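Student: Pasting in a structure now, in structure tokens, and then I'll have a few things to ask.
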Protein chains: 2
Amino acid sequence: MDKESRAVFDRMFAPQSLAIVGISKSEAGIGRFFLANLERAGYRGRIFLVNRDAGEIMGRPVYPDIAALPEAVDLAILCVPARFVLSLLEECRGKGIRNVHLFTSGFKELGTPEGRELENKVREEALRGRLNLMGPNCMGSYVPASGLMLFGQIPGTPGGLAFLSQSGSLTQRMTEHAHFLGFGLSKAVSFGNATVLDSTEYLEYLEEDNDTKAVGFYLESVKDGRRFLEVAERVNRRKPLVVWKGGKTSIGARAAASHTGTLAGEDRVWEHALRQIGVARADSLEEVAATALAFLRLPPPRGRRLFILGGGGGNSVFYADICLELGLEIPPLTGNTRERISALVPAVGSFALNPVDAWQSFHDPDLLARMLDLVFDDPAYDMIILDRLIHRRVYATPENPKNIPLSLDYLKRNRGRKPLVAVVDGFGDDLILASEAIQLRRLFNEAGIPAYPSLPLAARALAHLVHYYEKHSPTTR
Amino acid sequence: MDKESRAVFDRMFAPQSLAIVGISKSEAGIGRFFLANLERAGYRGRIFLVNRDAGEIMGRPVYPDIAALPEAVDLAILCVPARFVLSLLEECRGKGIRNVHLFTSGFKELGTPEGRELENKVREEALRGRLNLMGPNCMGSYVPASGLMLFGQIPGTPGGLAFLSQSGSLTQRMTEHAHFLGFGLSKAVSFGNATVLDSTEYLEYLEEDNDTKAVGFYLESVKDGRRFLEVAERVNRRKPLVVWKGGKTSIGARAAASHTGTLAGEDRVWEHALRQIGVARADSLEEVAATALAFLRLPPPRGRRLFILGGGGGNSVFYADICLELGLEIPPLTGNTRERISALVPAVGSFALNPVDAWQSFHDPDLLARMLDLVFDDPAYDMIILDRLIHRRVYATPENPKNIPLSLDYLKRNRGRKPLVAVVDGFGDDLILASEAIQLRRLFNEAGIPAYPSLPLAARALAHLVHYYEKHSPTTR
């Protein structure tokens, strides 16, 4: 991406000024929603409002058209009916505006010839005006660092993940995951029909964006598959990508056509292409978030051999199945580690398998530290999962509140030694259990230890991490 | 199963009297845990305690041995070290006791010749005494209707699911699911190494058990595969079965061997055999619970065509993928239903696809009822999922508290028309959102409408329902 294009993009994501064009004089409407959110988020740039019936909205002056604006704003947000869009894009060009977020829907996604034609004209007009056009049919940008939060979790959390998505509601959900899991977002973009700017262009920009350390995607299509893969392969070497692709099946593709007017493409082509360039593929938003958490928080693993502490008998069996199916290995204890762990927890000694069901260590921070020190030092293990059962009302062992901070303190101090994550499962619709699980996960996450609600999710995140670093060794990158 | 064996089993699950043999005089130990739970659960049979050092425990007299008991109890629970087990089984035989729950571990699961040999002797002695032996290495029975809750969620909820499991901790979790989702348990059995009674024997008993309407399993192995499949095929015709099988992979099988001392068997053999007899196969405890909820609460669907209300754009695409991959169909709206829903929700009209993203209906009980009436009456649809987005703090539309009871009232009155389930997703570690989601799901569940935390889980449950009734038509059964 050339320097000038980059400078334009910079202003898109950190605008000094913006205009909401087509904001309603009544209390309803998306423009009012965007304005309220910018105010709530403490956006510090200049905000201009445009509506043909000039006057005042929420104490701010309203300009009758784009030409009347006192400056060429860094970002124009258009929320007008589709039939007004073309003339407004002309106005933007006339004013020298370069970045346009086109919220408006009613284009290709209608599935009508008129919709397609109008969208083609939008594209032509945007190219004529050299407009950096986001959309149409999208919620736009969410950038916590610059207060540009048109939607999503407010206050947001700035962080290392960029999220590129053709769905507004999934982008919305990702802003919540990023905030409550604490890894944060550098930029999230809901870009809808992708008429001008497609995921490829945003990704090229993110390649050199210092705030972005990893990139997640929700895609239904890309316009130029070859170019997308070229750029993705290049960026992935420096910043891990995680792609969730919707529209895998014929019915999903039909839904995608009606959602963003795009063609989803053969799923097995996607599968093959992403595997070949070593890009992680996720199957859900939770998996994108979980994988981001792993990439952003953990040191690179040296291999795929996992030590699992906890679980209980039946879970150990099922956990082993899950991990093996994902290509991870779970070697049994041997040598010094086996002897010393058996001495620490005699009940484990007779099995000395892996997963190691030594729940005692969760009630004894010193025991936990001694066991983990052995595993950190043992070259037979590359990664660790703590399956942290919480006190259940039905069990008799009460939790000593002092134990958790002590254990967390140890884990925090030893974060760099090997990738370690926690699992705290609160499924089952017990309100008390679920709340305790969320609060405990939050404590782990705040200490920089990724904490997941289920082992399968944790294992998938770690498997992505392993596969990435097997292809992109941290020393040779 | 003959009448006499049935009568013995009846007493195992609803004992008039039981003995806890090997209960500790100190406050620790599993026998004390069992006793405390029986008291908490309000078990109304006679409880006898046995310990070589007679005296008193928790205000109850303690008998020095089994021979000294005033009666041949309906159930003897043995929690003694493994080396004492054989002589105690002899004592049970001498006393005329028929049901024994052997909690004790230290047998085949050790993986040693001594462990195997001791377990073989236990089996021989049990057969000699015609003992109905549960275990060893297991938590035993959980029967809310008879107050026999040695472990698990207390108070428990009686209900239509029986759960047979080789894992104590997973049985424990199932008691929580059954309670908090409200479908309840008829009997849950953690049966461990299955030395005498295997899943097949319990299942034969459940075949004629009036309290049991469906049977879930967590299995690591069965001793006689052919016989299990024969019985499972027969019972499944009357009561749907859902099998979760652990030990699918070599490492999982290794863990199973160390958990219950059993051989897991080739997974593809299981897969093929279960499919051939039309038994549902689940991949997680949540899926067993979700499927039970569907079987116990919903009328049989007439086909596999699903109507999905809600979702939002991106979710609709992903939802369609998931459902299609599970063999469900999602036909678009046509004819009268299309016209009238388009008139009710003009924004939907232009797409008229399925999933139908008419979130407005969740803020307007009358609109919801009118839309659903159309779908209930339309022969093009067999089942319905309501994807009930809850109010998120980041969105502006507040929930009117009157709406939910009104909508639930409509749904409750129309339960019999077609299978209908709700999805209320609260993922993402936002404590407030998660709590609201659990509470809303509880309201649905209390009204008899199965409510799930994710669409994939709901879709899997419905797919099991569809496949079952395609094979076992409700009219011909």
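Simple scheme: letters A, B, ... for chains in structure tokens order, numbers from 1 for residues in each chain, numbers from 1 for ligands in the order shown.
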Tell me, as a VMD selection string, which residues lie within 10 Å of Gly314 (chain B), counting only C-alpha atoms; anything in the same chain fewer than 2 positions away does not count.
Tutor: (chain A and resid 165 to 171 192 218 to 220 246 to 247 252 255 to 256 259 to 260) or (chain B and resid 311 to 312 316 to 319)
Student: Could you write those residues out with C-alpha atoms, as a tab-separated table (two decimals), in the first residue's frame?
Tutor:
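And here's selection.tsv as it stands now:
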chain	number	residue	atom	x	y	z
A	165	SER	CA	-16.25	-8.64	9.19
A	166	GLN	CA	-19.05	-8.63	6.68
A	167	SER	CA	-21.57	-8.77	9.53
A	168	GLY	CA	-22.46	-5.86	11.79
A	169	SER	CA	-24.00	-7.99	14.51
A	170	LEU	CA	-20.99	-10.32	14.67
A	171	THR	CA	-18.65	-7.32	14.82
A	192	GLY	CA	-20.91	-5.25	4.46
A	218	TYR	CA	-15.80	-13.06	9.50
A	219	LEU	CA	-16.07	-13.43	5.73
A	220	GLU	CA	-18.83	-14.47	3.42
A	246	GLY	CA	-19.76	-18.18	6.55
A	247	GLY	CA	-21.78	-19.50	3.63
A	252	GLY	CA	-25.63	-20.64	3.94
A	255	ALA	CA	-28.29	-16.49	3.11
A	256	ALA	CA	-24.96	-14.76	2.43
A	259	HIS	CA	-27.05	-10.61	3.59
A	260	THR	CA	-24.21	-8.94	1.70
B	311	GLY	CA	-30.47	-14.33	14.15
B	312	GLY	CA	-29.30	-11.17	12.43
B	316	SER	CA	-28.34	-16.27	9.57
B	317	VAL	CA	-25.58	-17.35	7.22
B	318	PHE	CA	-23.76	-19.36	9.84
B	319	TYR	CA	-26.99	-20.85	11.21
Student: Just the residues within 9 Å of Gly156 (chain B), please, counting only C-alpha atoms, with nothing from its chain fewer than 5 positions along; format it as a short mmCIF file (atom, residue, chain, number, x, y, z; two decimals) with N, CA, C and O atoms, in the first residue's frame.
Tutor:
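Output contents, as saved in around36.cif:
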data_model
loop_
_atom_site.label_atom_id
_atom_site.label_comp_id
_atom_site.auth_asym_id
_atom_site.auth_seq_id
_atom_site.Cartn_x
_atom_site.Cartn_y
_atom_site.Cartn_z
N ALA B 41 -31.02 -34.95 51.42
CA ALA B 41 -32.01 -35.26 50.38
C ALA B 41 -33.33 -35.75 50.99
O ALA B 41 -34.31 -35.95 50.27
N TYR B 142 -28.34 -42.22 41.82
CA TYR B 142 -28.93 -40.90 42.09
C TYR B 142 -30.37 -40.99 41.63
O TYR B 142 -30.65 -41.05 40.43
N VAL B 143 -31.30 -41.08 42.58
CA VAL B 143 -32.71 -41.28 42.26
C VAL B 143 -33.56 -40.27 43.05
O VAL B 143 -33.95 -40.54 44.19
N PRO B 144 -33.83 -39.11 42.46
CA PRO B 144 -34.57 -38.07 43.20
C PRO B 144 -35.91 -38.57 43.75
O PRO B 144 -36.27 -38.21 44.87
N ALA B 145 -36.62 -39.41 42.98
CA ALA B 145 -37.96 -39.80 43.42
C ALA B 145 -37.93 -40.60 44.71
O ALA B 145 -38.88 -40.56 45.50
N GLY B 147 -35.35 -40.29 46.96
CA GLY B 147 -34.46 -39.64 47.92
C GLY B 147 -33.09 -40.29 47.99
O GLY B 147 -32.28 -39.96 48.85
N MET B 149 -30.03 -40.03 46.95
CA MET B 149 -29.07 -39.16 46.27
C MET B 149 -27.78 -39.19 47.06
O MET B 149 -27.62 -38.43 48.01
N THR B 175 -26.61 -34.41 36.80
CA THR B 175 -27.65 -34.10 37.81
C THR B 175 -27.89 -32.58 37.86
O THR B 175 -29.01 -32.14 38.11
N GLU B 176 -26.83 -31.81 37.60
CA GLU B 176 -26.99 -30.35 37.59
C GLU B 176 -27.75 -29.89 36.34
O GLU B 176 -28.67 -29.09 36.43
N ALA B 178 -29.84 -31.59 34.57
CA ALA B 178 -31.24 -32.03 34.65
C ALA B 178 -32.04 -31.15 35.60
O ALA B 178 -33.20 -30.84 35.35
N HIS B 179 -31.40 -30.72 36.66
CA HIS B 179 -32.09 -29.86 37.62
C HIS B 179 -32.28 -28.45 37.06
O HIS B 179 -33.39 -27.92 37.07
N GLY B 184 -35.20 -33.05 34.60
CA GLY B 184 -35.15 -34.03 35.68
C GLY B 184 -34.67 -35.41 35.29
O GLY B 184 -34.55 -35.75 34.11
N LEU B 185 -34.39 -36.20 36.32
CA LEU B 185 -33.85 -37.55 36.13
C LEU B 185 -34.75 -38.58 36.80
O LEU B 185 -35.23 -38.36 37.91
#
Student: Among the residues of region 143-233 of chain A, find those DSSP assigns to strand (DSSP E or B) from the backbone and print them as a list of chain:residue names.
Tutor: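 Here are the strand (DSSP E or B) residues of region 143-233 of chain A: A:Val143, A:Leu148, A:Met149, A:Pro158, A:Gly159, A:Gly160, A:Leu161, A:Ala162, A:Phe163, A:Leu164, A:Ser165, A:Leu185, A:Ser186, A:Lys187, A:Ala188, A:Val189, A:Ser190, A:Ala214, A:Val215, A:Gly216, A:Phe217, A:Tyr218, A:Leu219.
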Student: Show which residues sit within 12 Å of Asn132 (chain A), as an MDAnalysis selection string. Count only C-alpha atoms, and ignore same-chain residues fewer than 5 positions away.
Tutor: chainID A and resid 4:13 74:77 89 92:93 96:102 122:123 125:127 191 194:198 201:202
Student: For region 401-403 of chain B, work out the shell of residues within 9 Å, counting only C-alpha atoms and skipping chain neighbours fewer than 2 positions away, then give it as a list in words.
Tutor: Phe362, His363, Asp364, Pro365, Glu399, Pro405, Leu406, Ser407 and Leu408 of chain B
Student: Could you check which of A:Phe307, A:Phe163, A:Trp270, A:Phe103 is closest to Val189 (chain A), using only C-alpha atoms?
Tutor: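 Smallest distance to Val189 (chain A) is found for A:Phe163.
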Student: Between B:Asp65, B:Asp2, B:Glu109, B:Glu339, which residue has the minimum interatomic distance to chain A, considering only C-alpha atoms?
Tutor: B:Glu109
Student: Please identify all polymer residues within 12 Å of Glu230 (chain A), counting only C-alpha atoms, omitting same-chain residues fewer than 2 positions from it, and present them as a count of residues only.
Tutor: 21
Student: List every residue of region 356-433 of chain B that has an atom at most 9 Å from any atom of region 287-302 of chain B, and for each one report the closest atom pair and its distance in Å to one decimal, counting only C-alpha atoms, with rows sorted by chain and then by increasing residue number, as a tab-separated table.
Tutor:
residue	atom	partner	partner_atom	distance
B:Tyr381	CA	B:Arg302	CA	8.8
B:Asp382	CA	B:Pro301	CA	5.7
B:Met383	CA	B:Pro301	CA	6.5
B:Arg415	CA	B:Leu298	CA	7.6
B:Gly416	CA	B:Pro299	CA	6.2
B:Arg417	CA	B:Pro299	CA	7.8
B:Lys418	CA	B:Pro301	CA	6.5
B:Pro419	CA	B:Leu298	CA	5.2
B:Leu420	CA	B:Leu298	CA	7.4
B:Val421	CA	B:Ala294	CA	8.2
Student: Could those selected residues go to a file with all heavy atoms, as a compact mmCIF listing (two decimals), in the first residue's frame?
Tutor:
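File written: again11.txt
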# COMPACT_ATOMS: atom_id res chain seq x y z
N TYR B 381 -43.35 -26.21 6.87
CA TYR B 381 -42.40 -26.20 8.00
C TYR B 381 -42.79 -27.25 9.04
O TYR B 381 -43.96 -27.40 9.37
CB TYR B 381 -42.33 -24.82 8.64
CG TYR B 381 -41.80 -23.79 7.67
CD1 TYR B 381 -42.65 -22.88 7.05
CD2 TYR B 381 -40.45 -23.78 7.34
CE1 TYR B 381 -42.17 -21.98 6.12
CE2 TYR B 381 -39.96 -22.88 6.42
CZ TYR B 381 -40.81 -21.98 5.81
OH TYR B 381 -40.33 -21.10 4.89
N ASP B 382 -41.76 -27.92 9.56
CA ASP B 382 -41.99 -28.97 10.56
C ASP B 382 -41.57 -28.56 11.96
O ASP B 382 -42.04 -29.15 12.93
CB ASP B 382 -41.20 -30.23 10.17
CG ASP B 382 -41.55 -30.69 8.76
OD1 ASP B 382 -42.75 -30.86 8.49
OD2 ASP B 382 -40.62 -30.85 7.95
N MET B 383 -40.67 -27.60 12.07
CA MET B 383 -40.10 -27.23 13.36
C MET B 383 -39.72 -25.76 13.36
O MET B 383 -39.52 -25.18 12.28
CB MET B 383 -38.81 -28.02 13.63
CG MET B 383 -38.99 -29.51 13.70
SD MET B 383 -37.35 -30.30 13.81
CE MET B 383 -36.64 -29.81 12.25
N ARG B 415 -47.75 -25.21 22.34
CA ARG B 415 -46.65 -26.18 22.40
C ARG B 415 -46.89 -27.42 21.55
O ARG B 415 -45.95 -27.99 21.00
CB ARG B 415 -46.45 -26.65 23.84
CG ARG B 415 -45.62 -25.75 24.68
CD ARG B 415 -45.46 -26.34 26.05
NE ARG B 415 -44.81 -27.66 25.96
CZ ARG B 415 -44.81 -28.57 26.91
NH1 ARG B 415 -45.43 -28.30 28.05
NH2 ARG B 415 -44.21 -29.73 26.75
N GLY B 416 -48.14 -27.85 21.47
CA GLY B 416 -48.42 -29.12 20.80
C GLY B 416 -48.40 -29.05 19.27
O GLY B 416 -48.39 -30.08 18.60
N ARG B 417 -48.40 -27.84 18.72
CA ARG B 417 -48.59 -27.72 17.27
C ARG B 417 -47.40 -28.20 16.45
O ARG B 417 -47.57 -28.95 15.49
CB ARG B 417 -48.95 -26.27 16.91
CG ARG B 417 -50.34 -25.89 17.45
CD ARG B 417 -50.61 -24.41 17.34
NE ARG B 417 -50.99 -24.02 15.98
CZ ARG B 417 -51.32 -22.76 15.65
NH1 ARG B 417 -51.29 -21.80 16.59
NH2 ARG B 417 -51.66 -22.47 14.42
N LYS B 418 -46.23 -27.74 16.80
CA LYS B 418 -45.01 -28.19 16.13
C LYS B 418 -43.87 -28.06 17.14
O LYS B 418 -43.94 -27.19 18.02
CB LYS B 418 -44.69 -27.31 14.91
CG LYS B 418 -45.48 -27.66 13.67
CD LYS B 418 -45.25 -26.72 12.51
CE LYS B 418 -46.22 -27.09 11.39
NZ LYS B 418 -46.16 -26.17 10.23
N PRO B 419 -42.83 -28.86 17.00
CA PRO B 419 -41.68 -28.67 17.91
C PRO B 419 -41.14 -27.25 17.76
O PRO B 419 -40.89 -26.79 16.65
CB PRO B 419 -40.66 -29.70 17.42
CG PRO B 419 -41.44 -30.70 16.64
CD PRO B 419 -42.62 -29.96 16.06
N LEU B 420 -41.00 -26.56 18.88
CA LEU B 420 -40.45 -25.20 18.88
C LEU B 420 -39.47 -25.08 20.04
O LEU B 420 -39.78 -25.49 21.16
CB LEU B 420 -41.59 -24.18 19.04
CG LEU B 420 -41.18 -22.70 19.06
CD1 LEU B 420 -42.27 -21.84 18.42
CD2 LEU B 420 -40.90 -22.20 20.47
N VAL B 421 -38.29 -24.55 19.74
CA VAL B 421 -37.30 -24.33 20.80
C VAL B 421 -36.78 -22.90 20.71
O VAL B 421 -36.93 -22.24 19.68
CB VAL B 421 -36.11 -25.31 20.69
CG1 VAL B 421 -36.57 -26.76 20.72
CG2 VAL B 421 -35.27 -25.04 19.44
Student: Quick one, how far is CA of Glu325 (chain A) from CA of Ile384 (chain A)?
Tutor: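 About the pair CA of Glu325 (chain A) and CA of Ile384 (chain A): they are 17.4 Å apart.
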